[in-house]
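Enquirer: Encoded as structure tokens, here's the structure I'll be asking about.
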Protein chains: 2
Amino acid sequence: MKSKDIPEIIRAKEMGFCFGVKGAVELSEELSETRKDCKIYMLGMLVHNEHVIDKLKAQGVEILEEETLMEDRDNLQEGDVVIVRAHGTIKPLYDKLIERRVEIHDAACIFVSTIRKTLMEKEKEGYEILFLGDINHPEVKGIISFGKKVQVIKDIDALKAFEINGNKRYALLTQTTLNKNLFLEVKKYIESTFDNIDIFDKICGATYVRQKAVEELAHKVDILLVVGGKNSSNTKKLYEISKKINLNTYLIQDEKTLDRSWLNGVKKVGITAGASTPEEVIEKIENIIRGTI
Amino acid sequence: MKSKDIPEIIRAKEMGFCFGVKGAVELSEELSETRKDCKIYMLGMLVHNEHVIDKLKAQGVEILEEETLMEDRDNLQEGDVVIVRAHGTIKPLYDKLIERRVEIHDAACIFVSTIRKTLMEKEKEGYEILFLGDINHPEVKGIISFGKKVQVIKDIDALKAFEINGNKRYALLTQTTLNKNLFLEVKKYIESTFDNIDIFDKICGATYVRQKAVEELAHKVDILLVVGGKNSSNTKKLYEISKKINLNTYLIQDEKTLDRSWLNGVKKVGITAGASTPEEVIEKIENIIRGTI
């Protein structure tokens, strides 16, 4: 690219590492530095970003697969350090860790643990629990494992297919990284159809402001790059929101997955990043766009 | 200070400009650049930080006092631009702005407008509204002006003094910048005492994570500086939370209000900043501590 063709880069007003991810990563780094005396494991992917995981592995933090622990096929020793991922995990695994007498460091985000608490409170008060989210996501699996009976619903059609009993009271909770527009659609439908479902919006502030920010940015740029891990739920939502507004939206993991031909003739490039995408990955992409590397 | 005496500076994991403030400031700056054809006003203090306000004034954005507009003592002309502050304003003033045919740009934070909406919804459903917050704060004044009858409660004693009618249903809403610990205390009291008060936690994510972050930081440092405006509610809460843990907590507006004697013999200085404190103010303070200015 000639220098006069270098596009302007506009970052979303909010993007990248959220509070929960920052905490989980810093805790792991601190443990890897200070606890050279024992093995340190993260239980599953600490956060949904391959670059973060690779960096931690290089610092000596190993992955302990959740299934392996569940089936006692692991190499855990008493006294080892186990960090519970930012999404939290399921109750049987928390119990397992206690039983195995390891040193547990829970990096579950405060917003995730708040939902757990609300779920248990509402069940105790006699509510039936509906949970709006993705049943395959570790956050959701973890949270619902603390309830007695939870119905997970992925969208408005799933809710319509579920039979609501007029004599029961329901509490609807949500995944922290839900698409706000999907939530509002479901909320509207519930409020116009039922009077026995109380709604508890648990989409976290970080998700909300990142979604609002990308929505705004998508209108202003020629192409929009969403940077984030393949398994990252919040990253996918950022992509979906932007793609509806701006067809030239691309989801990439890092600078290697950036196709330079997307930049041909482009004046304004928007960038956003998922809550577990490290700043250095974003900067590398920006440097390629600017032609400095 | 000799170079070996320079203390280490540790920033809180989350601090400074929140999403709402960023949006309000950027909107105002954009308007001041692009709308040279007319007068631009901010209605009251756009955000609670003197440095931000001074900078905007220098760019030609004038303050329109809310009382002045209310009493028609202003100089507003049809077509002037008026930016509604990040805290929102009261309904009669929104109406006044429409009546005066000015160009309204509402910079009210999305979390504030969501509370407004919840309040109106719950009133419509027949709930009595309780509001936990500071009745003198513009955010609270603004939100409750959208309700028909709202009881504002500043703490647990105020709640105890208020007579709850067992035959009515109540909804308790909160200010976005409330102290999380105060909220939890009130919540616990309500849940053990009443069964006809539904609680809607509306403390915003930005407030929550800044409070959690300062709580963590206060344990690790010798002194802690909280940087923020005199009228900033969220800044005061950060100060209160830190002060309980670390007696050497100081609330300052900028580098001029920093007393260098606090730094004598200090090894670790913690810094946090309110949601409306600009980055440059924080950096100036850090440079003084490092002895570079």
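By convention here, the chains of the structure tokens are called A, B, ... in the order presented, each chain's residues are numbered starting at 1, and ligands are numbered starting at 1 in the order presented.
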Going by DSSP on the backbone, which residues of segment 197-276 of chain B come out as alpha helix (DSSP H)? List them as number ranges by chain.

Expert: B: 205-218, 233-245

Enquirer: Could the residues in this selection be written to a file with C-alpha atoms, as a PDB file, in the first residue's frame?

Expert:
```pdb
ATOM      1  CA  GLY B 205     -21.315  -2.394  35.521  1.00  0.00           C
ATOM      2  CA  ALA B 206     -18.763   0.420  35.318  1.00  0.00           C
ATOM      3  CA  THR B 207     -19.469   1.449  38.924  1.00  0.00           C
ATOM      4  CA  TYR B 208     -19.399  -2.132  40.123  1.00  0.00           C
ATOM      5  CA  VAL B 209     -16.069  -3.073  38.572  1.00  0.00           C
ATOM      6  CA  ARG B 210     -14.398   0.188  39.678  1.00  0.00           C
ATOM      7  CA  GLN B 211     -15.551  -0.434  43.256  1.00  0.00           C
ATOM      8  CA  LYS B 212     -14.350  -4.049  43.219  1.00  0.00           C
ATOM      9  CA  ALA B 213     -11.033  -2.971  41.725  1.00  0.00           C
ATOM     10  CA  VAL B 214     -10.346  -0.258  44.328  1.00  0.00           C
ATOM     11  CA  GLU B 215     -11.311  -2.640  47.120  1.00  0.00           C
ATOM     12  CA  GLU B 216      -8.671  -5.074  45.904  1.00  0.00           C
ATOM     13  CA  LEU B 217      -6.046  -2.389  45.343  1.00  0.00           C
ATOM     14  CA  ALA B 218      -6.489  -0.708  48.749  1.00  0.00           C
ATOM     15  CA  SER B 233     -20.958  10.610  43.233  1.00  0.00           C
ATOM     16  CA  ASN B 234     -19.063   7.559  41.954  1.00  0.00           C
ATOM     17  CA  THR B 235     -15.721   9.140  42.918  1.00  0.00           C
ATOM     18  CA  LYS B 236     -16.921   9.660  46.502  1.00  0.00           C
ATOM     19  CA  LYS B 237     -17.958   6.004  46.702  1.00  0.00           C
ATOM     20  CA  LEU B 238     -14.519   4.889  45.534  1.00  0.00           C
ATOM     21  CA  TYR B 239     -13.024   7.070  48.278  1.00  0.00           C
ATOM     22  CA  GLU B 240     -15.322   5.644  50.981  1.00  0.00           C
ATOM     23  CA  ILE B 241     -14.599   2.045  49.993  1.00  0.00           C
ATOM     24  CA  SER B 242     -10.840   2.531  49.956  1.00  0.00           C
ATOM     25  CA  LYS B 243     -10.763   4.604  53.162  1.00  0.00           C
ATOM     26  CA  LYS B 244     -12.394   1.765  55.109  1.00  0.00           C
ATOM     27  CA  ILE B 245      -9.544  -0.543  54.126  1.00  0.00           C
TER      28      ILE B 245
END
```

Enquirer: Determine, using only C-alpha atoms, which residues of chain A have any atom at most 12 Å from an atom of chain B, and tabulate each with its shortest atom pair and distance in Å to one decimal place, rows ordered by chain and then rising number, as CSV.

Expert:
```
residue,atom,partner,partner_atom,distance
A:Ala12,CA,B:Phe19,CA,10.7
A:Lys13,CA,B:Phe19,CA,7.2
A:Glu14,CA,B:Phe19,CA,6.9
A:Met15,CA,B:Phe19,CA,10.5
A:Phe17,CA,B:Glu14,CA,10.6
A:Cys18,CA,B:Glu14,CA,9.0
A:Phe19,CA,B:Val209,CA,6.6
A:Gly20,CA,B:Val209,CA,8.7
A:Val21,CA,B:Lys13,CA,10.7
A:Lys22,CA,B:Lys13,CA,7.4
A:Gly23,CA,B:Lys13,CA,7.8
A:Ala24,CA,B:Lys13,CA,11.5
A:Val25,CA,B:Lys13,CA,11.6
A:Glu26,CA,B:Lys13,CA,9.7
A:Leu27,CA,B:Lys13,CA,11.9
A:Cys109,CA,B:Val209,CA,10.4
A:Ile110,CA,B:Val209,CA,8.8
A:Phe111,CA,B:Gly205,CA,9.0
A:Thr114,CA,B:Asp201,CA,11.1
A:Thr118,CA,B:Ile199,CA,11.2
A:Glu121,CA,B:Glu191,CA,10.2
A:Lys122,CA,B:Asp198,CA,11.5
A:Glu125,CA,B:Asp195,CA,9.8
A:Thr176,CA,B:Gly205,CA,11.5
A:Leu184,CA,B:Thr114,CA,11.9
A:Lys188,CA,B:Glu121,CA,11.9
A:Glu191,CA,B:Glu121,CA,10.3
A:Asp195,CA,B:Glu125,CA,9.9
A:Asp198,CA,B:Asp198,CA,10.1
A:Ile199,CA,B:Phe200,CA,10.2
A:Phe200,CA,B:Phe200,CA,8.3
A:Asp201,CA,B:Phe200,CA,9.6
A:Lys202,CA,B:Asp201,CA,10.2
A:Ile203,CA,B:Gly205,CA,9.8
A:Cys204,CA,B:Gly205,CA,6.7
A:Gly205,CA,B:Gly205,CA,4.4
A:Ala206,CA,B:Gly205,CA,6.8
A:Thr207,CA,B:Gly205,CA,9.6
A:Tyr208,CA,B:Gly205,CA,9.2
A:Val209,CA,B:Phe19,CA,6.6
A:Arg210,CA,B:Phe19,CA,9.0
A:Gln211,CA,B:Phe19,CA,11.4
A:Lys212,CA,B:Ile110,CA,9.2
A:Ala213,CA,B:Phe19,CA,8.7
A:Glu216,CA,B:Gly23,CA,10.6
```

Enquirer: Can you pull out every residue within 7 Å of segment 105-108 of chain A, counting only C-alpha atoms, but drop anything in the same chain fewer than 5 positions away, and send it as a list in words?

Expert: Ala24, Val82, Ile83, Val84, Arg85, Ala86, His87, Gly88 and Ser113 of chain A

Enquirer: Tell me, which residues of segment 10-153 of chain B carry DSSP strand (DSSP E or B), written as a PyMOL selection string?

Expert: chain B and resi 10-11+40-43+61-64+81-84+103-106+128-132+150-153

Enquirer: Okay, now the selection with C-alpha atoms, as a JSON list (two decimals), in the first residue's frame?

Expert:
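To be explicit, this is the file written out as result.json:
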```
[["chain", "number", "residue", "atom", "x", "y", "z"],
["B", 10, "ILE", "CA", -0.24, 0.67, 40.76],
["B", 11, "ARG", "CA", -3.41, 1.55, 38.89],
["B", 40, "ILE", "CA", -23.93, 25.02, 21.61],
["B", 41, "TYR", "CA", -24.98, 24.51, 25.21],
["B", 42, "MET", "CA", -24.60, 21.71, 27.72],
["B", 43, "LEU", "CA", -27.54, 21.57, 30.11],
["B", 61, "VAL", "CA", -19.64, 24.94, 24.50],
["B", 62, "GLU", "CA", -21.50, 27.07, 27.07],
["B", 63, "ILE", "CA", -23.25, 25.92, 30.21],
["B", 64, "LEU", "CA", -26.99, 26.43, 30.28],
["B", 81, "VAL", "CA", -27.88, 23.00, 20.02],
["B", 82, "VAL", "CA", -28.46, 21.71, 23.57],
["B", 83, "ILE", "CA", -26.68, 18.63, 24.90],
["B", 84, "VAL", "CA", -28.42, 16.87, 27.78],
["B", 103, "GLU", "CA", -31.80, 20.85, 18.54],
["B", 104, "ILE", "CA", -31.62, 18.33, 21.38],
["B", 105, "HIS", "CA", -28.73, 15.87, 21.69],
["B", 106, "ASP", "CA", -29.39, 13.52, 24.59],
["B", 128, "GLU", "CA", -45.15, 1.49, 44.37],
["B", 129, "ILE", "CA", -41.63, 2.73, 43.65],
["B", 130, "LEU", "CA", -38.80, 2.94, 46.18],
["B", 131, "PHE", "CA", -35.54, 4.47, 44.97],
["B", 132, "LEU", "CA", -32.27, 3.84, 46.77],
["B", 150, "VAL", "CA", -41.40, 7.81, 44.07],
["B", 151, "GLN", "CA", -40.05, 7.41, 47.61],
["B", 152, "VAL", "CA", -36.31, 8.09, 47.67],
["B", 153, "ILE", "CA", -34.39, 6.29, 50.39]]
```

Enquirer: If we count only C-alpha atoms and set the cut-off at 6 Å, which residues sit around segment 263-272 of chain B, ignoring sequence neighbours fewer than 2 positions away in its own chain? Please answer as a VMD selection string.

Expert: chain B and resid 7 to 12 15 221 to 226 260 to 261

Enquirer: Write the selection just made, keeping C-alpha atoms, as a PDB file, in the first residue's frame?

Expert:
```
ATOM      1  CA  PRO B   7       7.422   4.788  44.696  1.00  0.00           C
ATOM      2  CA  GLU B   8       5.840   2.182  42.475  1.00  0.00           C
ATOM      3  CA  ILE B   9       2.503   3.274  41.016  1.00  0.00           C
ATOM      4  CA  ILE B  10      -0.237   0.672  40.760  1.00  0.00           C
ATOM      5  CA  ARG B  11      -3.413   1.546  38.890  1.00  0.00           C
ATOM      6  CA  ALA B  12      -6.746   0.015  39.780  1.00  0.00           C
ATOM      7  CA  MET B  15     -10.736   3.277  36.522  1.00  0.00           C
ATOM      8  CA  VAL B 221      -0.631  -0.219  48.636  1.00  0.00           C
ATOM      9  CA  ASP B 222       0.741   2.201  51.239  1.00  0.00           C
ATOM     10  CA  ILE B 223      -1.369   5.124  50.087  1.00  0.00           C
ATOM     11  CA  LEU B 224      -4.226   5.348  47.649  1.00  0.00           C
ATOM     12  CA  LEU B 225      -5.164   8.387  45.583  1.00  0.00           C
ATOM     13  CA  VAL B 226      -8.734   8.710  44.326  1.00  0.00           C
ATOM     14  CA  ARG B 260       3.698  15.729  48.146  1.00  0.00           C
ATOM     15  CA  SER B 261       4.311  15.076  51.819  1.00  0.00           C
TER      16      SER B 261
END
```
